[in-house]
Amino acid sequence: MTDEKKPRRRPRSDGQRNRENLLKVAKAAFTAGEIDIPLDEIAHRAGVGIGTLYRHFPNRDALIEAVYRAELDRLADAAPVLAAQHPPVEALRAWMRLFVDYIAAKLVIAPALNGLAGGTGTLYAQSGTVLQGAIDGLVAAAVASGDISADIEPVDLLRALAGVSNYAAGPGWETSAKRLVDILIARSQASAS
């Protein structure tokens, strides 16, 4: 059987833990402004050898991209969980607050992302599709329940929050953006009345 036809094995649990820990350590370093942290230092802080890091991430770009994708996946995976746990408008509100956290993480690792050899165009295009899918479902449920107006465009909610981060990225912008979530939801509810 050729390598192409072999079924992919699930990663061992210790391998998965190592990968998650490496991502956590890398994100913490990037968040702390350590954009140029040596990979062997990330491995050391994660309590693994450099070979383990390279098994999961063949180069620095792969690690940086994986940190970004992990944040994106966390946000996308939250949508159905929130929808199952909360009334539609509250699920939307909670997800939009997580979106603010996602923007904050993206801003922190932006310098590292901007250094990716292949650029960020494809990465950001894929993330737009994932985000759009997540918020579309939440908005549709809130509209169907009558909680918000049918004239609310999901992409407008994303643009408003992204705009706040771009306009006022100084200290405290996240608190302001989370207040904006409440304003946007209130406006959407008022339109539904």
# chains A, B, ... in the order shown; residues from 1 in each chain; ligands from 1
$ select_by_dssp --residues "chain A" --states "helix (DSSP H, G or I)" --output "MDAnalysis selection string"
chainID A and resid 13:31 39:46 50:56 60:85 88:114 121:144 154:167 173:192
$ write_last_selection --atoms "C-alpha atoms" --output "short mmCIF file (atom, residue, chain, number, x, y, z; two decimals), in the first residue's frame"
data_model
loop_
_atom_site.label_atom_id
_atom_site.label_comp_id
_atom_site.auth_asym_id
_atom_site.auth_seq_id
_atom_site.Cartn_x
_atom_site.Cartn_y
_atom_site.Cartn_z
CA SER A 13 -2.49 11.45 23.05
CA ASP A 14 0.98 12.50 24.27
CA GLY A 15 1.77 13.85 20.81
CA GLN A 16 -1.48 15.82 20.78
CA ARG A 17 -0.73 17.19 24.27
CA ASN A 18 2.76 18.20 23.15
CA ARG A 19 1.35 20.00 20.10
CA GLU A 20 -1.26 21.84 22.18
CA ASN A 21 1.36 22.81 24.75
CA LEU A 22 3.73 24.08 22.06
CA LEU A 23 0.91 26.22 20.62
CA LYS A 24 0.04 27.55 24.07
CA VAL A 25 3.66 28.45 24.83
CA ALA A 26 4.18 30.04 21.41
CA LYS A 27 1.00 32.11 21.75
CA ALA A 28 2.05 33.25 25.23
CA ALA A 29 5.47 34.28 23.91
CA PHE A 30 3.98 36.14 20.94
CA THR A 31 1.44 37.81 23.25
CA LEU A 39 12.22 27.88 18.49
CA ASP A 40 14.45 25.99 20.92
CA GLU A 41 13.28 28.37 23.68
CA ILE A 42 9.65 27.59 22.84
CA ALA A 43 10.45 23.88 23.01
CA HIS A 44 12.25 24.37 26.34
CA ARG A 45 9.33 26.30 27.85
CA ALA A 46 6.93 23.62 26.63
CA ILE A 50 13.48 20.63 19.71
CA GLY A 51 12.90 17.46 17.67
CA THR A 52 9.35 17.27 19.05
CA LEU A 53 8.73 20.86 18.02
CA TYR A 54 10.01 20.19 14.50
CA ARG A 55 7.92 17.01 14.23
CA HIS A 56 4.82 19.14 14.70
CA ARG A 60 8.84 28.93 12.25
CA ASP A 61 6.18 29.88 9.69
CA ALA A 62 4.32 26.63 10.32
CA LEU A 63 4.26 27.33 14.06
CA ILE A 64 3.07 30.91 13.62
CA GLU A 65 0.35 29.83 11.22
CA ALA A 66 -0.71 27.02 13.57
CA VAL A 67 -1.06 29.49 16.47
CA TYR A 68 -3.30 31.67 14.31
CA ARG A 69 -5.36 28.72 13.06
CA ALA A 70 -5.82 27.41 16.61
CA GLU A 71 -7.35 30.74 17.62
CA LEU A 72 -9.57 30.69 14.54
CA ASP A 73 -10.65 27.10 15.21
CA ARG A 74 -11.44 27.94 18.83
CA LEU A 75 -13.73 30.74 17.66
CA ALA A 76 -15.41 28.66 14.95
CA ASP A 77 -15.92 25.68 17.29
CA ALA A 78 -17.55 27.96 19.87
CA ALA A 79 -20.49 28.89 17.62
CA PRO A 80 -22.39 25.57 17.76
CA VAL A 81 -21.55 25.11 21.44
CA LEU A 82 -22.90 28.55 22.33
CA ALA A 83 -25.95 27.97 20.14
CA ALA A 84 -26.71 24.78 22.07
CA GLN A 85 -26.22 26.38 25.49
CA PRO A 88 -30.11 32.63 20.06
CA VAL A 89 -29.44 36.31 20.80
CA GLU A 90 -27.30 35.45 23.84
CA ALA A 91 -25.33 32.90 21.81
CA LEU A 92 -24.68 35.62 19.22
CA ARG A 93 -23.63 38.10 21.91
CA ALA A 94 -21.26 35.58 23.54
CA TRP A 95 -19.73 34.65 20.18
CA MET A 96 -19.21 38.30 19.25
CA ARG A 97 -17.37 38.83 22.54
CA LEU A 98 -15.15 35.85 21.67
CA PHE A 99 -14.60 37.47 18.27
CA VAL A 100 -13.18 40.51 20.09
CA ASP A 101 -10.77 38.18 21.92
CA TYR A 102 -9.84 36.60 18.58
CA ILE A 103 -9.10 40.05 17.10
CA ALA A 104 -6.94 40.84 20.13
CA ALA A 105 -4.94 37.63 19.63
CA LYS A 106 -4.61 38.36 15.92
CA LEU A 107 -3.32 41.87 16.62
CA VAL A 108 -0.72 40.48 19.02
CA ILE A 109 0.64 37.94 16.55
CA ALA A 110 0.23 40.21 13.51
CA PRO A 111 3.94 41.09 13.39
CA ALA A 112 4.80 37.39 13.27
CA LEU A 113 2.07 36.69 10.71
CA ASN A 114 3.29 39.54 8.52
CA GLY A 121 -3.53 36.50 1.82
CA THR A 122 -4.59 32.86 1.66
CA LEU A 123 -4.61 32.48 5.43
CA TYR A 124 -6.83 35.53 5.94
CA ALA A 125 -9.13 34.56 3.05
CA GLN A 126 -9.70 31.14 4.63
CA SER A 127 -10.35 32.71 8.02
CA GLY A 128 -12.95 35.04 6.50
CA THR A 129 -14.86 32.05 5.17
CA VAL A 130 -14.74 30.28 8.54
CA LEU A 131 -15.85 33.38 10.46
CA GLN A 132 -18.65 34.11 8.02
CA GLY A 133 -19.99 30.59 8.37
CA ALA A 134 -19.97 30.79 12.17
CA ILE A 135 -21.73 34.13 12.48
CA ASP A 136 -24.21 33.41 9.66
CA GLY A 137 -25.67 30.50 11.62
CA LEU A 138 -25.90 32.48 14.86
CA VAL A 139 -27.56 35.47 13.19
CA ALA A 140 -29.98 33.22 11.29
CA ALA A 141 -31.05 31.58 14.56
CA ALA A 142 -31.50 34.97 16.26
CA VAL A 143 -33.57 36.24 13.32
CA ALA A 144 -35.66 33.05 13.24
CA PRO A 154 -23.81 39.24 9.76
CA VAL A 155 -20.81 40.69 7.95
CA ASP A 156 -21.76 44.17 9.20
CA LEU A 157 -21.43 42.96 12.78
CA LEU A 158 -17.96 41.58 12.04
CA ARG A 159 -16.93 44.77 10.26
CA ALA A 160 -18.09 46.94 13.16
CA LEU A 161 -16.02 45.00 15.68
CA ALA A 162 -12.99 44.78 13.40
CA GLY A 163 -13.29 48.51 12.76
CA VAL A 164 -13.12 49.30 16.47
CA SER A 165 -9.93 47.27 16.77
CA ASN A 166 -8.37 49.07 13.82
CA TYR A 167 -9.51 52.52 14.92
CA TRP A 173 -9.99 48.93 23.08
CA GLU A 174 -11.22 45.43 23.95
CA THR A 175 -13.52 46.74 26.69
CA SER A 176 -14.83 49.32 24.26
CA ALA A 177 -15.38 46.68 21.59
CA LYS A 178 -17.26 44.45 24.02
CA ARG A 179 -19.51 47.43 24.89
CA LEU A 180 -20.07 47.80 21.17
CA VAL A 181 -21.30 44.19 21.08
CA ASP A 182 -24.07 45.16 23.49
CA ILE A 183 -24.88 48.29 21.45
CA LEU A 184 -25.06 46.30 18.21
CA ILE A 185 -27.28 43.65 19.80
CA ALA A 186 -29.56 46.31 21.31
CA ARG A 187 -29.83 48.07 17.95
CA SER A 188 -30.61 44.77 16.24
CA GLN A 189 -33.28 44.01 18.81
CA ALA A 190 -34.83 47.47 18.51
CA SER A 191 -35.07 46.97 14.75
CA ALA A 192 -36.90 43.69 15.31
#
$ atom_distance --atom1 "CA of Leu116 (chain A)" --atom2 "CA of Asn59 (chain A)"
10.6 Å
